[in-house]
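Text of structure33.pdb (PDB, C-alpha atoms) as supplied:
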ATOM      1  CA  ASN K   1     -22.387  11.150  12.037
ATOM      2  CA  VAL K   2     -18.728  10.768  11.080
ATOM      3  CA  SER K   3     -17.524   7.357   9.949
ATOM      4  CA  PHE K   4     -14.104   6.287   8.705
ATOM      5  CA  LYS K   5     -12.467   3.091   7.481
ATOM      6  CA  TYR K   6      -8.979   2.702   6.002
ATOM      7  CA  THR K   7      -9.095   1.355   2.449
ATOM      8  CA  GLN K   8      -6.667  -1.500   3.186
ATOM      9  CA  SER K   9      -8.744  -2.678   6.145
ATOM     10  CA  HIS K  10     -12.225  -4.136   6.415
ATOM     11  CA  LYS K  11     -12.598  -2.835   9.980
ATOM     12  CA  THR K  12     -14.398   0.429  10.607
ATOM     13  CA  VAL K  13     -12.385   2.667  12.957
ATOM     14  CA  LEU K  14     -15.110   5.200  13.782
ATOM     15  CA  LYS K  15     -18.821   4.745  13.071
ATOM     16  CA  ASN K  16     -21.538   7.435  13.145
ATOM     17  CA  VAL K  17     -19.582   9.488  15.677
ATOM     18  CA  ASN K  18     -21.148  12.676  17.061
ATOM     19  CA  LEU K  19     -19.153  15.113  19.180
ATOM     20  CA  THR K  20     -19.389  18.811  20.023
ATOM     21  CA  ILE K  21     -16.471  20.866  21.316
ATOM     22  CA  LYS K  22     -17.255  24.423  22.376
ATOM     23  CA  LYS K  23     -14.937  27.373  21.909
ATOM     24  CA  ASN K  24     -12.341  27.723  24.719
ATOM     25  CA  GLU K  25     -13.139  24.346  26.266
ATOM     26  CA  PHE K  26     -10.461  21.954  27.491
ATOM     27  CA  VAL K  27     -11.445  18.550  26.113
ATOM     28  CA  GLY K  28      -9.804  15.182  26.695
ATOM     29  CA  ILE K  29      -9.995  12.299  24.231
ATOM     30  CA  MET K  30      -8.927   8.977  25.740
ATOM     31  CA  GLY K  31      -8.857   5.317  24.789
ATOM     32  CA  GLU K  32      -6.648   2.273  24.628
ATOM     33  CA  THR K  33      -3.925   1.854  22.017
ATOM     34  CA  GLY K  34      -5.384   1.037  18.607
ATOM     35  CA  VAL K  35      -8.965   2.225  19.213
ATOM     36  CA  GLY K  36      -8.742   5.149  16.791
ATOM     37  CA  LYS K  37      -7.300   8.128  18.686
ATOM     38  CA  SER K  38      -4.777   8.861  15.921
ATOM     39  CA  THR K  39      -7.529   8.541  13.303
ATOM     40  CA  PHE K  40      -9.648  10.990  15.302
ATOM     41  CA  VAL K  41      -6.778  13.498  15.329
ATOM     42  CA  ASP K  42      -6.098  13.076  11.608
ATOM     43  CA  LEU K  43      -9.785  13.700  10.861
ATOM     44  CA  LEU K  44      -9.916  16.692  13.184
ATOM     45  CA  ILE K  45      -6.902  18.482  11.717
ATOM     46  CA  GLY K  46      -7.850  17.628   8.145
ATOM     47  CA  LEU K  47      -5.145  15.147   7.181
ATOM     48  CA  ILE K  48      -7.866  12.694   6.152
ATOM     49  CA  ALA K  49     -11.545  13.171   5.322
ATOM     50  CA  PRO K  50     -14.444  11.123   6.703
ATOM     51  CA  ASP K  51     -16.060   8.458   4.521
ATOM     52  CA  SER K  52     -19.420   9.849   5.600
ATOM     53  CA  GLY K  53     -20.630  12.624   7.848
ATOM     54  CA  THR K  54     -19.101  16.091   8.242
ATOM     55  CA  ILE K  55     -16.737  17.916  10.580
ATOM     56  CA  THR K  56     -17.749  21.550  10.967
ATOM     57  CA  ALA K  57     -16.314  24.636  12.648
ATOM     58  CA  ASP K  58     -18.835  27.434  13.216
ATOM     59  CA  GLY K  59     -21.132  25.583  10.831
ATOM     60  CA  GLN K  60     -18.579  25.416   8.004
ATOM     61  CA  ASN K  61     -17.322  22.094   6.660
ATOM     62  CA  ILE K  62     -13.580  22.105   7.406
ATOM     63  CA  ASN K  63     -12.823  19.964   4.358
ATOM     64  CA  LYS K  64     -14.268  22.635   2.060
ATOM     65  CA  ASN K  65     -11.559  25.105   3.153
ATOM     66  CA  LEU K  66      -8.696  23.222   4.786
ATOM     67  CA  TYR K  67      -6.222  26.096   4.448
ATOM     68  CA  SER K  68      -8.430  28.401   6.509
ATOM     69  CA  TRP K  69      -9.108  25.654   9.069
ATOM     70  CA  LYS K  70      -5.453  24.735   9.540
ATOM     71  CA  LYS K  71      -4.553  28.386  10.173
ATOM     72  CA  ASN K  72      -6.607  28.072  13.380
ATOM     73  CA  LEU K  73      -4.692  25.010  14.619
ATOM     74  CA  GLY K  74      -1.582  24.499  16.714
ATOM     75  CA  TYR K  75      -0.485  20.851  16.826
ATOM     76  CA  VAL K  76       1.823  19.268  19.417
ATOM     77  CA  PRO K  77       2.546  15.559  18.770
ATOM     78  CA  GLN K  78       4.466  13.178  21.033
ATOM     79  CA  ASN K  79       7.406  13.162  18.654
ATOM     80  CA  PHE K  80       8.117  16.153  16.469
ATOM     81  CA  TYR K  81      11.025  17.138  14.277
ATOM     82  CA  LEU K  82      13.668  19.381  15.830
ATOM     83  CA  LEU K  83      16.289  21.093  13.706
ATOM     84  CA  ASP K  84      19.955  21.074  14.683
ATOM     85  CA  GLU K  85      19.674  24.835  14.915
ATOM     86  CA  SER K  86      18.883  27.539  17.468
ATOM     87  CA  ILE K  87      15.930  27.424  19.835
ATOM     88  CA  LYS K  88      14.586  30.532  18.078
ATOM     89  CA  ASN K  89      14.616  28.833  14.655
ATOM     90  CA  ASN K  90      12.986  25.721  16.082
ATOM     91  CA  ILE K  91      10.149  27.783  17.542
ATOM     92  CA  ALA K  92       9.640  29.758  14.316
ATOM     93  CA  PHE K  93       9.829  26.539  12.305
ATOM     94  CA  GLY K  94       9.524  27.081   8.546
ATOM     95  CA  TYR K  95      10.146  30.829   8.617
ATOM     96  CA  GLU K  96      13.137  32.470   6.962
ATOM     97  CA  GLU K  97      15.571  34.091   9.388
ATOM     98  CA  ASN K  98      14.736  37.653   8.309
ATOM     99  CA  LYS K  99      10.989  37.023   8.728
ATOM    100  CA  ILE K 100      11.107  35.745  12.302
ATOM    101  CA  SER K 101       9.515  38.124  14.799
ATOM    102  CA  LYS K 102      11.793  38.247  17.845
ATOM    103  CA  SER K 103       9.100  39.961  19.926
ATOM    104  CA  ALA K 104       6.629  37.173  19.031
ATOM    105  CA  VAL K 105       9.196  34.515  19.972
ATOM    106  CA  GLU K 106       9.918  36.221  23.312
ATOM    107  CA  ASN K 107       6.201  36.493  24.088
ATOM    108  CA  ILE K 108       5.708  32.820  23.307
ATOM    109  CA  ILE K 109       8.681  31.848  25.473
ATOM    110  CA  ASN K 110       6.933  33.396  28.471
ATOM    111  CA  LYS K 111       3.676  31.565  27.698
ATOM    112  CA  SER K 112       5.545  28.275  27.259
ATOM    113  CA  GLN K 113       7.429  28.786  30.537
ATOM    114  CA  LEU K 114      10.782  28.574  28.777
ATOM    115  CA  SER K 115      12.053  31.925  30.088
ATOM    116  CA  ASN K 116      14.123  30.678  33.029
ATOM    117  CA  PHE K 117      15.533  27.808  31.009
ATOM    118  CA  ILE K 118      16.688  30.122  28.212
ATOM    119  CA  LYS K 119      18.066  32.752  30.614
ATOM    120  CA  ASN K 120      20.441  30.119  31.999
ATOM    121  CA  LEU K 121      21.820  29.262  28.561
ATOM    122  CA  LYS K 122      25.014  30.962  27.464
ATOM    123  CA  ASP K 123      23.662  31.900  24.032
ATOM    124  CA  GLY K 124      20.012  32.345  25.037
ATOM    125  CA  LEU K 125      17.622  32.016  22.103
ATOM    126  CA  GLU K 126      20.554  31.346  19.787
ATOM    127  CA  SER K 127      21.560  28.211  21.742
ATOM    128  CA  GLN K 128      21.820  25.165  19.511
ATOM    129  CA  MET K 129      19.514  22.244  20.258
ATOM    130  CA  GLY K 130      21.584  19.484  18.664
ATOM    131  CA  GLU K 131      20.358  16.696  16.410
ATOM    132  CA  ARG K 132      16.718  15.951  17.379
ATOM    133  CA  GLY K 133      17.133  18.168  20.450
ATOM    134  CA  VAL K 134      19.673  15.952  22.220
ATOM    135  CA  LYS K 135      21.026  18.924  24.199
ATOM    136  CA  ILE K 136      17.810  19.522  26.158
ATOM    137  CA  SER K 137      15.506  17.430  28.367
ATOM    138  CA  GLY K 138      12.244  15.797  27.331
ATOM    139  CA  GLY K 139      10.207  18.381  29.224
ATOM    140  CA  GLU K 140      12.009  21.298  27.560
ATOM    141  CA  LYS K 141      11.555  19.649  24.157
ATOM    142  CA  GLN K 142       7.800  19.530  24.730
ATOM    143  CA  ARG K 143       7.809  23.189  25.767
ATOM    144  CA  VAL K 144       9.608  24.036  22.529
ATOM    145  CA  GLY K 145       6.865  22.055  20.765
ATOM    146  CA  ILE K 146       4.210  24.100  22.585
ATOM    147  CA  ALA K 147       6.049  27.327  21.697
ATOM    148  CA  ARG K 148       6.187  26.276  18.031
ATOM    149  CA  ALA K 149       2.446  25.522  18.059
ATOM    150  CA  LEU K 150       1.771  28.948  19.579
ATOM    151  CA  TYR K 151       3.921  30.956  17.157
ATOM    152  CA  ASN K 152       0.978  31.882  14.903
ATOM    153  CA  ASP K 153      -1.355  32.384  17.889
ATOM    154  CA  PRO K 154      -3.886  29.680  16.902
ATOM    155  CA  ASP K 155      -7.353  29.470  18.439
ATOM    156  CA  ILE K 156      -7.131  25.684  18.866
ATOM    157  CA  LEU K 157      -4.307  23.638  20.392
ATOM    158  CA  VAL K 158      -4.223  19.885  19.785
ATOM    159  CA  PHE K 159      -1.963  17.734  21.987
ATOM    160  CA  ASP K 160      -1.577  14.266  20.512
ATOM    161  CA  GLU K 161      -0.066  12.032  23.241
ATOM    162  CA  ALA K 162       2.287  14.978  23.817
ATOM    163  CA  THR K 163       3.064  14.077  27.448
ATOM    164  CA  SER K 164       2.883  10.281  27.173
ATOM    165  CA  ALA K 165       6.661   9.760  27.047
ATOM    166  CA  LEU K 166       7.341  12.080  29.998
ATOM    167  CA  ASP K 167       7.656  11.132  33.664
ATOM    168  CA  LEU K 168       4.718  12.153  35.864
ATOM    169  CA  ASP K 169       6.509  15.118  37.463
ATOM    170  CA  THR K 170       7.487  16.588  34.091
ATOM    171  CA  GLU K 171       3.986  15.923  32.760
ATOM    172  CA  LYS K 172       2.542  17.817  35.722
ATOM    173  CA  LYS K 173       4.687  20.857  34.908
ATOM    174  CA  ILE K 174       3.629  20.759  31.244
ATOM    175  CA  LEU K 175      -0.045  20.611  32.280
ATOM    176  CA  GLU K 176       0.527  23.613  34.563
ATOM    177  CA  THR K 177       1.824  25.427  31.487
ATOM    178  CA  LEU K 178      -1.420  24.632  29.653
ATOM    179  CA  ILE K 179      -3.708  25.802  32.453
ATOM    180  CA  GLN K 180      -2.884  29.441  31.645
ATOM    181  CA  PHE K 181      -4.855  29.026  28.394
ATOM    182  CA  LYS K 182      -8.115  28.165  30.210
ATOM    183  CA  LYS K 183     -11.013  30.169  28.740
ATOM    184  CA  ILE K 184      -8.592  31.694  26.206
ATOM    185  CA  LYS K 185      -8.018  28.860  23.735
ATOM    186  CA  THR K 186      -9.690  25.609  22.807
ATOM    187  CA  VAL K 187      -7.395  22.793  23.951
ATOM    188  CA  ILE K 188      -7.861  19.177  22.863
ATOM    189  CA  ILE K 189      -5.743  16.576  24.660
ATOM    190  CA  ILE K 190      -5.543  13.093  23.135
ATOM    191  CA  THR K 191      -4.027  10.619  25.580
ATOM    192  CA  HIS K 192      -4.206   7.165  27.134
ATOM    193  CA  ARG K 193      -2.955   8.526  30.480
ATOM    194  CA  THR K 194      -5.709   9.610  32.860
ATOM    195  CA  SER K 195      -3.280  11.954  34.658
ATOM    196  CA  SER K 196      -3.365  14.284  31.630
ATOM    197  CA  LEU K 197      -7.148  14.620  31.810
ATOM    198  CA  LYS K 198      -7.510  16.333  35.184
ATOM    199  CA  ILE K 199      -7.319  19.816  33.655
ATOM    200  CA  CYS K 200     -10.085  19.057  31.130
ATOM    201  CA  ASP K 201     -13.635  20.435  31.312
ATOM    202  CA  LYS K 202     -14.973  17.222  29.809
ATOM    203  CA  VAL K 203     -13.576  13.897  28.640
ATOM    204  CA  PHE K 204     -14.616  11.583  25.811
ATOM    205  CA  LYS K 205     -13.632   7.945  25.418
ATOM    206  CA  ILE K 206     -13.157   6.138  22.109
ATOM    207  CA  GLN K 207     -14.253   2.522  22.316
ATOM    208  CA  ASN K 208     -15.890   0.044  19.934
ATOM    209  CA  GLU K 209     -15.915   2.550  17.050
ATOM    210  CA  GLU K 210     -17.832   5.088  19.169
ATOM    211  CA  ILE K 211     -17.003   8.236  21.153
ATOM    212  CA  LYS K 212     -18.861   8.753  24.422
ATOM    213  CA  GLU K 213     -18.591  11.467  27.040
ATOM    214  CA  ILE K 214     -17.511  10.019  30.366
TER     215      ILE K 214
END
Could you rewrite the structure in this file as structure tokens?
Amino acid sequence: NVSFKYTQSHKTVLKNVNLTIKKNEFVGIMGETGVGKSTFVDLLIGLIAPDSGTITADGQNINKNLYSWKKNLGYVPQNFYLLDESIKNNIAFGYEENKISKSAVENIINKSQLSNFIKNLKDGLESQMGERGVKISGGEKQRVGIARALYNDPDILVFDEATSALDLDTEKKILETLIQFKKIKTVIIITHRTSSLKICDKVFKIQNEEIKEI
């Protein structure tokens, strides 16, 4: 029964929404631009709290212990900040150099299907990405985003329009990367592109302030 309305607006974005996502499911959330997909994501990851109703994980209200909840999340947005530093430092974003686990980074590179790309770079993991990642393609940027989200081995991966700016062939390769996490992690894909939903176990649509399984 989650409802939410922005204080500066009289329009309710989501009203009495009920939704269950099971552990290790692949779930798609779709809808047109402006229907509330971004609001749904912000509520889910705890950036905002519902006006009424509760969001629970294993029966616990996430907003009562946001730190614990966020430790379970890996978030991949459409646009994310890339440092003008090495690929390694961009994957282990926020960690001091001497606290980065090289073995963890290498393991994640395999899962993100970055291995061949990095092997062909002169400086490997130490290769510089350039300002906002200008030295690599859109598809490789998204894989770096996936690798960053995986660094702490979260139980839940949230993809917020993460493939929307990619061409269909590159999107297909990214989705093939995600398939390896079937039955291992909970994956939530928010998108307006139906092509991203084919790997999902079930799909919900946001429309007219409601969320319905389609």
*Give me the residues within 6 Å of segment 74-83 of chain K as a list in words, counting only C-alpha atoms and dropping any in the same chain fewer than 5 places off.*
Arg132, Gly133, Gly145, Ala149, Pro154, Leu157, Val158, Phe159, Asp160, Glu161 and Ala162 of chain K
_Selection near Glu210 of chain K, 12 Å with all atoms listed in the file, sequence-local residues under 5 positions removed, as a ChimeraX atom specification_ = /K:1-4,12-19,29-31,35-37,40,204-205
Restricting it to C-alpha atoms, dump the selection as a PDB file, keeping the file's coordinate frame.
ATOM      1  CA  ASN K   1     -22.387  11.150  12.037  1.00  0.00           C
ATOM      2  CA  VAL K   2     -18.728  10.768  11.080  1.00  0.00           C
ATOM      3  CA  SER K   3     -17.524   7.357   9.949  1.00  0.00           C
ATOM      4  CA  PHE K   4     -14.104   6.287   8.705  1.00  0.00           C
ATOM      5  CA  THR K  12     -14.398   0.429  10.607  1.00  0.00           C
ATOM      6  CA  VAL K  13     -12.385   2.667  12.957  1.00  0.00           C
ATOM      7  CA  LEU K  14     -15.110   5.200  13.782  1.00  0.00           C
ATOM      8  CA  LYS K  15     -18.821   4.745  13.071  1.00  0.00           C
ATOM      9  CA  ASN K  16     -21.538   7.435  13.145  1.00  0.00           C
ATOM     10  CA  VAL K  17     -19.582   9.488  15.677  1.00  0.00           C
ATOM     11  CA  ASN K  18     -21.148  12.676  17.061  1.00  0.00           C
ATOM     12  CA  LEU K  19     -19.153  15.113  19.180  1.00  0.00           C
ATOM     13  CA  ILE K  29      -9.995  12.299  24.231  1.00  0.00           C
ATOM     14  CA  MET K  30      -8.927   8.977  25.740  1.00  0.00           C
ATOM     15  CA  GLY K  31      -8.857   5.317  24.789  1.00  0.00           C
ATOM     16  CA  VAL K  35      -8.965   2.225  19.213  1.00  0.00           C
ATOM     17  CA  GLY K  36      -8.742   5.149  16.791  1.00  0.00           C
ATOM     18  CA  LYS K  37      -7.300   8.128  18.686  1.00  0.00           C
ATOM     19  CA  PHE K  40      -9.648  10.990  15.302  1.00  0.00           C
ATOM     20  CA  PHE K 204     -14.616  11.583  25.811  1.00  0.00           C
ATOM     21  CA  LYS K 205     -13.632   7.945  25.418  1.00  0.00           C
TER      22      LYS K 205
END
_Please enumerate the residues selected by the PyMOL selection byres ((chain K and resi 182) around 12) when evaluated against the supplied file, formatted as a PyMOL selection string._
chain K and resi 23-27+155-157+175-181+183-188+199-201
_Using all atoms listed in the file for the distances, tell me which of K:Ser196, K:Ser52, K:Ser127, K:Asn120 is nearest to Asp169 of chain K._
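Answer, going by the shortest atom-to-atom distance: K:Ser196.
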*What's the 12 Å shell around Ser103 of chain K, counting all atoms listed in the file, without same-chain residues fewer than 4 positions away, as a VMD selection string?*
chain K and resid 88 92 99 107 to 110 125 151
*Would you mind telling me which residue in K:Ile214, K:Leu43, K:Val144, K:Leu73 lies nearest to Ser86 of chain K when using all atoms listed in the file?*
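Nearest candidate to Ser86 of chain K out of K:Ile214, K:Leu43, K:Val144, K:Leu73: K:Val144.
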